[in-house]
Each structure stands twice: as structure tokens, then as C-alpha cells.
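> Just passing along the structure, written as C-alpha cells.
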Amino acid sequence: MLMRLIRTLLGWFDQRLQLGKPMGEAMTHPVPRSSASWAYVFGSASLTLLMLQFATGICLAMVYVPSADEAWNSLQVLNQQQTFGWYLRALHGWGSNFMVAMVLVHMIQVFLFGAFKYPRELTWIVGVFLLLMTLGMAFTGQVLRFDQDSYWGLGIGASIMGRVPVFGAALVKLMLGGPIIAGETLSRFFAIHVFIVPGALIGFVGLHLLMVLKLGVNEWPAPGRVVRRETYLKEYHELTHRDGVPFVPDAFRKDLVFSGLVLFAVATCAAVFGPYGPNGAPDPTVVQTVPAPDFFFLWLYAALALLPPNMETFLLLVGPVVGIGILLALPLVSGTGEKSWRRRPMAVLVVLLSVISLTALTKLGLHAPWSPIMNAWSSTPVPDEFLKGRSPLELQGAVVLQAKQCRNCHALGGLGGQRGPALDSVATRLTGDQLFRQVLQGGGNMPAYGKNLSPPEATALVAFLKTLHPKDERPAVDASLVGAR
Amino acid sequence: MPAPSPTPSPAPPTPPVRKFSRRKWLMPVGIALNAVAGALIALPVVGYLLAPASRKQRREDLDWVSLGDLTQFPVGETRLATYRNPFVRPWDGDTGDIACWVRRIAADKLQVFAINCAHLGCPVRWFPQSGLFMCPCHGGVYYEDGSRASGPPPRGLFEYSYKLDGGRLWIKAGQMPTLASPPSVASTGGTQGCSCA
């Protein structure tokens with residue numbers, strides 16, 4: 001009885017919408033048996049995460065206030081007062097992390113499987129834009145979490161824009177919505193994050209999916225089965241119709257299970273680790289802050305610290321253009337030939353190199369050894385073993401070492417900044433004279449302290465530094481004097 | 001997609017074609033009309049979007065703003081000062097408050113540094129003991145006169161032009177200093193306006 005009612009209702013709608021048949025055809029379209037695989041689940045998982053981001057984002061927009069004055073407070077309300085507000089913020093934040101990761105994994109899989117080759121070149125190119133939009137959403141999302149990191153992150157973005165020749169000043173103002181980071185900046189990023197990019201995402205995801213449907217899911221690449229423009233379409237048609245399986249259910253059930261697992265993981269992370277921040281209020285007069293970007297931009301943070309300064313502007317402005325250009329050109333340049341990664345060693349090496357570089361930079365970004373530890377001088381004492389048995393002058397030197405903020409950049413006993421070399425055994429590398437020169441004149445990325453150390457302070461400091469060598473290792477000596485002796 | 005089921009009505013008989021028929025005429029007129037209307041709508045939209053970068057923007061980018069009484073800044077010291085952005089909007093909140101470092105060298109000789117590191121705009125901190133400004137982001141370091149000491153910054157700290165008026169210290173501010181628009185370039189000459197290295 002009930003079933004018949006439902007069938008009648010569905011029939012009524014389908015007579016008017018006429019969507020049943022095309023949707024059925026789309027769902028059951030044949031895919032190569034080999035593609036109904038666990039290696040092909042990352043694209044659908046990315047789409048699932050996008051849906052999650054839309055749903056949670058819309059909910060957050062109902063409470064969030066996109067005003068520089070109130071945004072931070074509204075996030076506090078979401079975290080503390082709004083029922084499940086903290087959970088929705090956590091879902092949105094973790095969903096964004098998972099989505100960036102999933103899109104990258106999807107891209108690596110597509111690249112290694114040669115799925116960007118004829119006739120799927122445009123699917124890849126649209127995918128590159130989807131990747132850029134995903135990263136754009138991640139950055140603008142960090143801005144909307146309007147806290148200290150967001151404020152100074154905008155400052156970094158504006159400073160990069162300011163390096164563009166000729167148009168720099170205009171670009172800075174366009175990005176900030178005015179001459180300085182203020183109310184208009186947040187409103188602008190809100191519009192980008194909530195209207196512009198999501199709108200574009202819907203359109204591009206639609207195109208991406210349409211092409212997947214029209215061109216078919218890539219077959220599992222076999223070494224030696226070469227893509228030729230003249231024969232590929234016929235071969236693929238044969239493959240799917242001779243040995244194909246319907247997308248639903250044969251491939252879809254794996255997508256379904258994996259998407260479910262991913263959603264489960266997001267929900268678990270959100271529940272266990274909670275929402276991201278916001279940290280301190282976006283008050284630019286609070287300078288006791290150590291801005292750092294979100295996880296997926298840590299590699300950029302590291303690169304910006306480690307690039308040689310004289311190449312920095314060039315690489316910052318030209319690097320992304322070249323990188324995106326290579327990604328866009330890839331299917332046009334390499335649209336035919338071998339698909340299998342077993343016959344494409346360069347492709348495998350490129351993936352390995354990229355993954356290793358990004359991982360290494362991200363790890364460095366987590367530790368940020370290039371940043372001075374701003375409070376090491378006042379909060380990290382000289383370890384006892386460096387003070388035992390020292391003369392009064394040497395002990396006075398240890399006081400100078402602390403008071404002049406040397407520890408902000410130099411570690412002792414593993415504690416302190418890592419911007420400069422650790423000083424544990426500095427006396428084995430530099431003689432007394434060399435220590436004087438280095439301290440007073442600086443150099444090698446160290447500021448000169450000549451103006452800020454009185455002669456007694458410098459004498460005491462060097463006396464202390466000269467004691468910093470392992471017990472059974474002799475301090476450095478001036479080779480020219482050794483001969484004279 | 002299959003066509004809807006109703007049977008199509010037979011095509012009406014085509015009337016004899018005249019040289020300047022209304023049908024021929026409507027298409028170009030429609031296109032022209034939409035083009036003109038589209039331009040009327042689109043051009044102001046473009047102007048609206050580009051307005052922040054245009055010189056004719058209602059608000060100037062720089063204006064004199066007071067950092068307060070000169071006595072707050074003892075000779076020989078460098079101190080943090082804050083000011084309200086001269087072009088603040090009611091909804092700017094905390095972001096309307098900007099910090100800067102004031103170094104008083106002599107009674108009427110000062111330097112006012114932007115808080116933003118010349119590398120990528122992070123807030124530099126002053127350490128009086130070592131006489132250095134340090135940046136927490138990528139480790140840029142500057143000497144007390146704002147010149148670059150070490151690290152990635154391509155130049156010294158940005159400096160505001162300043163003037164002394166009625167016992168108060170004034171700076172010309174309102175713009176985020178970047179390499180493209182360092183504030184000292186926009187200097188119209190404070191009484192002691194000085195540019196840094």
C-alpha cells in the first residue's frame with residue numbers, strides 16, 4: 001500500500017521532471033571493471049567533504065558576524081554559547097584540513113594513473129582550478145577566523161602583493177579593500193569565501209563531474225597499453241562494454257564506504273580536538289604575538305624563511321605562475337603515450353620529490369628554527385653545567401649573554417633559539433679574538449653588538465664564551481700563533 | 001533527453017520575407033539594447049570594485065595623526081606608541097588601533113618606525129637591552145636606528161614622517177607600509193622628516 005503510494009508519487013514527479021531515465025543512465029553507466037577499485041575513491045571523498053563544508057559553512061554564517069569589530073566576539077559566542085556551535089566550527093575546520101589533503105591525494109592518484117591523458121585533458125585542467133579554489137578557501141577561511149594569526153597573515157599577504165612591480169601598491173589596496181587592514185578587508189574576504197569561490201566551485205565541480213560522466217572513468221593503466229588519439233575512444237568503449245560493470249553499485253559501494261569513513265574521521269577529530277581558535281583578538285597594538293599560518297600553508301612559511309633573500313621576490317612572484325602553468329600544460333604536452341606509473345619513472349620521481357619537499361618544509365614550519373624565541377632571554381636560564389667552576393668574570397659574562405638576548409637566537413644545552421648556531425661548544429670553533437670580532441662586528445646573519453656592549457661587558461661575555469667547550473676537547477687556537485710559539 | 005510528450009503543432013506558414021522585416025530588425029536591436037544596458041550596469045560595478053585602488057578614493061591614504069604628548073617619549077629611549085587610524089570606520093573595531101615604535105634621539109630629533117617588518121609585515125619587537133628590533137616570523141633583525149641588521153628583510157624598518165606641534169608628536173599615517181608604498185616616500189616633510197637607509 002505504502003510502496004504503491006510512493007511509486008505513484010515518484011511517477012507523478014517523473015512525468016513532469018523527466019529526470020528518472022537520465023539519472024538512472026548516469027548512475028549505471030558502465031565503468032571498466034578495474035576502475036571499481038579502492039584507488040578511485042578520493043575524488044568522490046573530496047566531493048563529500050565539499051558538501052560537508054557547504055552545510056557547516058552555511059550554518060556558521062547564520063551566527064558569524066563579518067565585521068572587524070564583531071567577528072572575533074561572534075566566534076567566541078559560537079564556541080561558548082551557541083548550542084553545538086563549537087562542534088560546527090570544529091567540523092568546518094577539520095573538514096577543510098581533510099579536504100585539502102583529499103584533493104592532493106586525488107591529484108597524485110590521477111597523475112600517477114595517467115588519467116589526465118587524452119581525452120581527459122580538460123577534466124585535469126578544471127581539476128587544477130578546483131585545487132587552487134580549495135587552497136583559496138583554506139586561506140580565506142583562516143582570514144575569517146579573525147584573530148591575531150589572521151590579522152598578521154593578511155599583513156604577509158599584503159606584503160607579498162607589495163612586491164609586485166608597478167602594480168604593487170594598487171594590488172595591496174585591492175586586496176585589503178583600502179590602504180590598511182580594517183573593516184573592509186574582512187568584509188571583502190567574507191564575500192570571497194562565502195559567495196565568489198563557492199559559486200565558482202559549484203560551477204567547476206559540475207563541469208568536472210560532467211566530463212567524468214561523458215568521458216568515462218579512467219581504466220586501470222596497464223604497462224604497454226599506450227594512449228593513441230586515433231584508437232583510444234574505441235578501445236575504451238570496448239573495454240567498458242565487454243568487461244564493464246555498472247558504476248552503481250559496483251564502483252559506488254567503495255566510494256560510499258570510503259566517504260563514510262572520511263566523514264567519521266572528520267567527526268571524530270572535531271569531537272576530540274575541537275575547533276581551531278580563535279586565538280588572541282585581532283588587536284594590532286598587541287605585539288607580543290608569534291604569527292604562524294595554518295597547517296597547509298606551513299610549507300610556504302618555511303620557504304619564505306629559507307629562500308635566499310635576493311631571490312625571494314622573484315621566486316614568490318614567478319614561482320606560482322610557473323608552477324600553475326606546468327600543471328595546466330601537463331595534459332596538453334603529455335596527452336598521449338604510457339599511462340602506467342611503471343613506465344613513467346619521471347612522474348613517480350616528481351611526485352616523490354614534491355611530497356618529500358612539502359613534508360620537509362611543513363615539518364620545518366612546525367618548528368620554525370629560523371624564528372628567534374622572543375622570551376628565551378628572560379625565561380630560559382643558562383643550564384647549571386655551563387656555570388660550575390666558572391670565575392666571577394666568566395659568570396658575569398653568562399649574565400651578559402642572557403641580558404643581551406643572545407639566547408633568543410642561540411641555544412645552550414638544547415634550550416633557546418635556533419636562529420644562530422648553538423653555543424655549547426663554540427670555543428672549539430672560535431678563538432677569543434674571533435669571538436670578540438663576531439660579537440662586536442656581527443656578520444654571517446648575526447647583528448653587530450659593538451654599540452650595545454660596553455668594553456667590560458664584551459670582555460666578560462667573551463671570557464664566558466671561551467669556557468664553552470667539552471671537557472676533553474681543547475678550545476680553538478690561532479694557528480698562526482701556534483707556529484710562533 | 002527525450003522531448004516532452006505533447007504532439008508538436010504544425011509549423012505556421014511562413015509569411016513572405018520582406019527586405020526590412022520587423023523580425024530581422026528585432027535581433028540586432030535586442031543585442032544593442034542589452035549591450036548598452038549591460039555597459040551601464042557593468043562599468044559602475046568595475047569602478048566600484050577597483051575603487052580601493054583608485055586615487056580618487058574619497059579618503060586620502062595618509063593624514064597627520066597625533067601620538068600624544070612628547071613627554072611620553074624620553075630622550076634616548078624607544079617606546080611603543082599607538083594611534084587610532086585617521087581613516088577609521090565605525091566597524092573597524094580593534095583593527096583601527098595601530099602601533100608604532102618611537103625612538104627619541106634628542107629633544108627635537110626622533111624616528112618613528114612602522115610596526116611592520118620590511119620582510120613580510122609581521123610585528124617587530126624592541127629589545128632595549130641589546131638595542132635590536134626582532135621579528136618573530138622569519139627572524140629579521142634591525143638596529144636601533146631601524147637599519148637592517150640580519151635576516152631576510154630587504155631593507156630597514158619603514159619610517160613615518162613626523163612633526164612636532166604644540167608639544168605633541170604627529171606622524172603621517174593611515175596606510176599599511178609595504179615595499180610598494182613605504183610611508184617615507186609619501187613624506188611631505190615633517191619639520192624633522194627623515195628617511196632611513
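Letters A, B, ... go to the chains of the C-alpha cells in the order shown; residues in each chain start at 1; ligands are counted from 1 in the same order.
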List every residue of chain B that has an atom at most 8 Å from any atom of chain A, and for each one report the closest atom pair and its distance in Å to one decimal, counting only C-alpha atoms, with rows sorted by chain and then by increasing residue number, as JSON lines.


{"residue": "B:Met1", "atom": "CA", "partner": "A:Pro22", "partner_atom": "CA", "distance": 7.0}
{"residue": "B:Leu50", "atom": "CA", "partner": "A:Leu174", "partner_atom": "CA", "distance": 6.8}
{"residue": "B:Pro52", "atom": "CA", "partner": "A:Gly178", "partner_atom": "CA", "distance": 4.9}
{"residue": "B:Ala53", "atom": "CA", "partner": "A:Ala170", "partner_atom": "CA", "distance": 4.8}
{"residue": "B:Ser54", "atom": "CA", "partner": "A:Ala170", "partner_atom": "CA", "distance": 7.6}
{"residue": "B:Asp61", "atom": "CA", "partner": "A:Pro179", "partner_atom": "CA", "distance": 6.1}
{"residue": "B:Thr82", "atom": "CA", "partner": "A:Thr285", "partner_atom": "CA", "distance": 6.6}
{"residue": "B:Val88", "atom": "CA", "partner": "A:Ala182", "partner_atom": "CA", "distance": 7.9}
{"residue": "B:Arg89", "atom": "CA", "partner": "A:Gly183", "partner_atom": "CA", "distance": 7.1}
{"residue": "B:Trp91", "atom": "CA", "partner": "A:Asp69", "partner_atom": "CA", "distance": 5.2}
{"residue": "B:Asp92", "atom": "CA", "partner": "A:Gly183", "partner_atom": "CA", "distance": 4.5}
{"residue": "B:Gly93", "atom": "CA", "partner": "A:Asp69", "partner_atom": "CA", "distance": 3.8}
{"residue": "B:Asp94", "atom": "CA", "partner": "A:Asp283", "partner_atom": "CA", "distance": 4.9}
{"residue": "B:Thr95", "atom": "CA", "partner": "A:Ala182", "partner_atom": "CA", "distance": 5.5}
{"residue": "B:Gly96", "atom": "CA", "partner": "A:Ala182", "partner_atom": "CA", "distance": 6.5}
{"residue": "B:Asp97", "atom": "CA", "partner": "A:Thr285", "partner_atom": "CA", "distance": 6.4}
{"residue": "B:Ile98", "atom": "CA", "partner": "A:Thr285", "partner_atom": "CA", "distance": 5.6}
{"residue": "B:Ala99", "atom": "CA", "partner": "A:Thr285", "partner_atom": "CA", "distance": 4.8}
{"residue": "B:His119", "atom": "CA", "partner": "A:Ser159", "partner_atom": "CA", "distance": 7.5}
{"residue": "B:Leu120", "atom": "CA", "partner": "A:Ile156", "partner_atom": "CA", "distance": 4.8}
{"residue": "B:Gly121", "atom": "CA", "partner": "A:Gly155", "partner_atom": "CA", "distance": 5.2}
{"residue": "B:Cys122", "atom": "CA", "partner": "A:Trp152", "partner_atom": "CA", "distance": 6.0}
{"residue": "B:Pro123", "atom": "CA", "partner": "A:Val287", "partner_atom": "CA", "distance": 5.9}
{"residue": "B:Val124", "atom": "CA", "partner": "A:Val287", "partner_atom": "CA", "distance": 7.3}
{"residue": "B:Arg125", "atom": "CA", "partner": "A:Val287", "partner_atom": "CA", "distance": 6.7}
{"residue": "B:Phe127", "atom": "CA", "partner": "A:Gln405", "partner_atom": "CA", "distance": 7.8}
{"residue": "B:Gln129", "atom": "CA", "partner": "A:Lys404", "partner_atom": "CA", "distance": 5.4}
{"residue": "B:Ser130", "atom": "CA", "partner": "A:Lys404", "partner_atom": "CA", "distance": 4.7}
{"residue": "B:Gly131", "atom": "CA", "partner": "A:Asn452", "partner_atom": "CA", "distance": 6.3}
{"residue": "B:Met134", "atom": "CA", "partner": "A:Pro372", "partner_atom": "CA", "distance": 7.6}
{"residue": "B:Cys135", "atom": "CA", "partner": "A:Pro372", "partner_atom": "CA", "distance": 7.6}
{"residue": "B:Pro136", "atom": "CA", "partner": "A:Val290", "partner_atom": "CA", "distance": 5.5}
{"residue": "B:Cys137", "atom": "CA", "partner": "A:Ser371", "partner_atom": "CA", "distance": 5.8}
{"residue": "B:His138", "atom": "CA", "partner": "A:Ala305", "partner_atom": "CA", "distance": 5.1}
{"residue": "B:Gly139", "atom": "CA", "partner": "A:Ser371", "partner_atom": "CA", "distance": 4.7}
{"residue": "B:Val141", "atom": "CA", "partner": "A:Pro447", "partner_atom": "CA", "distance": 7.2}
{"residue": "B:Tyr142", "atom": "CA", "partner": "A:Pro447", "partner_atom": "CA", "distance": 7.9}
{"residue": "B:Tyr143", "atom": "CA", "partner": "A:Pro447", "partner_atom": "CA", "distance": 7.8}
{"residue": "B:Ala149", "atom": "CA", "partner": "A:Pro447", "partner_atom": "CA", "distance": 4.9}
{"residue": "B:Ser150", "atom": "CA", "partner": "A:Asn445", "partner_atom": "CA", "distance": 4.9}
{"residue": "B:Gly151", "atom": "CA", "partner": "A:Asn445", "partner_atom": "CA", "distance": 6.0}
{"residue": "B:Pro152", "atom": "CA", "partner": "A:Pro309", "partner_atom": "CA", "distance": 5.3}
{"residue": "B:Pro153", "atom": "CA", "partner": "A:Pro309", "partner_atom": "CA", "distance": 7.4}
{"residue": "B:Pro154", "atom": "CA", "partner": "A:Pro309", "partner_atom": "CA", "distance": 7.0}
{"residue": "B:Gly174", "atom": "CA", "partner": "A:Ile180", "partner_atom": "CA", "distance": 6.9}
{"residue": "B:Gln175", "atom": "CA", "partner": "A:Pro179", "partner_atom": "CA", "distance": 4.7}
{"residue": "B:Met176", "atom": "CA", "partner": "A:Ile180", "partner_atom": "CA", "distance": 4.7}
{"residue": "B:Thr178", "atom": "CA", "partner": "A:Ser159", "partner_atom": "CA", "distance": 5.4}
{"residue": "B:Leu179", "atom": "CA", "partner": "A:Gly162", "partner_atom": "CA", "distance": 5.5}
{"residue": "B:Ala180", "atom": "CA", "partner": "A:Gly162", "partner_atom": "CA", "distance": 4.7}
{"residue": "B:Ser181", "atom": "CA", "partner": "A:Ala169", "partner_atom": "CA", "distance": 5.9}

> Write out as a list in words which residues come within 6 Å of stretch 460-467 of chain A when counting only C-alpha atoms, dropping same-chain ones fewer than 4 positions away.

Leu393, Glu394, Gln396, Gly397 and Ala427 of chain A

> Near A:Pro275, within 8 Å and counting only C-alpha atoms, which residues show up once chain neighbours fewer than 3 positions away are dropped, as a PDB file with C-alpha atoms, in the first residue's frame?


ATOM      1  CA  ASN A  79      32.487  28.358  20.741  1.00  0.00           C
ATOM      2  CA  TRP A  86      31.906  24.630  18.810  1.00  0.00           C
ATOM      3  CA  TYR A  87      31.194  21.348  17.039  1.00  0.00           C
ATOM      4  CA  ARG A  89      33.289  25.197  13.869  1.00  0.00           C
ATOM      5  CA  ALA A  90      35.389  22.101  14.543  1.00  0.00           C
ATOM      6  CA  LEU A  91      33.706  20.180  11.714  1.00  0.00           C
ATOM      7  CA  GLY A  93      37.932  23.471  10.361  1.00  0.00           C
ATOM      8  CA  TRP A  94      38.758  19.760  10.275  1.00  0.00           C
ATOM      9  CA  ALA A 270      36.167  17.577  15.510  1.00  0.00           C
TER      10      ALA A 270
END

> Just the strand (DSSP E) stuff from stretch 19-107 of chain B, please, per backbone DSSP, written as a PyMOL selection string.

chain B and resi 63-69+78-84+97-106

> With N, CA and C atoms retained, export the selected residues as a short mmCIF file (atom, residue, chain, number, x, y, z; two decimals), in the first residue's frame.


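This is the output file out_11.cif:
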data_model
loop_
_atom_site.label_atom_id
_atom_site.label_comp_id
_atom_site.auth_asym_id
_atom_site.auth_seq_id
_atom_site.Cartn_x
_atom_site.Cartn_y
_atom_site.Cartn_z
N ASP B 63 47.34 60.86 6.59
CA ASP B 63 46.97 62.10 7.24
C ASP B 63 47.77 62.21 8.54
N TRP B 64 47.89 63.43 9.03
CA TRP B 64 48.61 63.61 10.28
C TRP B 64 47.77 63.12 11.43
N VAL B 65 48.43 62.37 12.32
CA VAL B 65 47.72 61.86 13.48
C VAL B 65 48.66 62.00 14.67
N SER B 66 48.09 62.32 15.82
CA SER B 66 48.92 62.59 16.98
C SER B 66 49.24 61.31 17.73
N LEU B 67 50.49 61.19 18.18
CA LEU B 67 50.88 60.06 19.04
C LEU B 67 50.84 60.48 20.50
N GLY B 68 50.41 61.71 20.76
CA GLY B 68 50.29 62.16 22.13
C GLY B 68 51.42 63.10 22.52
N ASP B 69 51.46 63.36 23.80
CA ASP B 69 52.40 64.34 24.33
C ASP B 69 53.83 63.86 24.16
N THR B 78 63.36 54.07 23.23
CA THR B 78 62.46 53.67 22.15
C THR B 78 61.22 53.07 22.79
N ARG B 79 60.07 53.61 22.46
CA ARG B 79 58.86 53.14 23.14
C ARG B 79 57.75 52.84 22.15
N LEU B 80 56.89 51.93 22.55
CA LEU B 80 55.73 51.59 21.73
C LEU B 80 54.68 52.69 21.87
N ALA B 81 54.17 53.16 20.74
CA ALA B 81 53.08 54.13 20.77
C ALA B 81 51.94 53.58 19.93
N THR B 82 50.73 53.96 20.26
CA THR B 82 49.59 53.51 19.45
C THR B 82 48.78 54.73 19.04
N TYR B 83 48.12 54.59 17.92
CA TYR B 83 47.25 55.67 17.46
C TYR B 83 46.04 55.07 16.79
N ARG B 84 45.00 55.87 16.70
CA ARG B 84 43.80 55.44 16.01
C ARG B 84 43.97 55.81 14.54
N ASP B 97 43.20 50.44 15.67
CA ASP B 97 44.32 50.87 16.51
C ASP B 97 45.62 50.31 15.94
N ILE B 98 46.57 51.19 15.67
CA ILE B 98 47.83 50.77 15.06
C ILE B 98 48.97 51.13 16.01
N ALA B 99 49.98 50.26 16.03
CA ALA B 99 51.13 50.50 16.89
C ALA B 99 52.32 50.95 16.05
N CYS B 100 53.25 51.66 16.70
CA CYS B 100 54.50 52.02 16.03
C CYS B 100 55.56 52.22 17.13
N TRP B 101 56.81 52.22 16.73
CA TRP B 101 57.91 52.39 17.69
C TRP B 101 58.47 53.80 17.55
N VAL B 102 58.53 54.53 18.66
CA VAL B 102 59.05 55.90 18.64
C VAL B 102 60.42 55.91 19.30
N ARG B 103 61.43 56.36 18.59
CA ARG B 103 62.78 56.48 19.15
C ARG B 103 63.11 57.97 19.26
N ARG B 104 63.33 58.42 20.46
CA ARG B 104 63.66 59.83 20.63
C ARG B 104 65.18 59.94 20.79
N ILE B 105 65.81 60.53 19.80
CA ILE B 105 67.26 60.62 19.81
C ILE B 105 67.70 61.85 20.59
N ALA B 106 67.06 62.98 20.35
CA ALA B 106 67.36 64.22 21.06
C ALA B 106 66.04 64.95 21.26
#

> Record the distance separating atom CA of A:Met211 and atom CA of A:Ala115, expressed in Å with one decimal.

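Interatomic distance, atom CA of A:Met211 to atom CA of A:Ala115: 12.4 Å.
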
> Tell me, in Å to one decimal, how far atom CA of A:Leu423 is from atom CA of A:Pro475.

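The value is 12.9 Å.
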
> From a DSSP pass on the backbone, collect the residues of stretch 123-360 of chain A flagged as alpha helix (DSSP H) and hand them back as a ChimeraX atom specification.

/A:123-144,148-161,168-176,183-191,197-215,232-243,252-273,298-306,309-333,345-360

> Which distance in Å separates atom CA of A:Asp147 and atom CA of A:Pro66, to one decimal?

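A separation of 12.7 Å between them.
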
> Residues within 8 Å of stretch 380-386 of chain A, please, as a PyMOL selection string. Count only C-alpha atoms; anything in the same chain fewer than 6 positions from it doesn't count.

chain A and resi 398+402+407+412-413+415-416+468
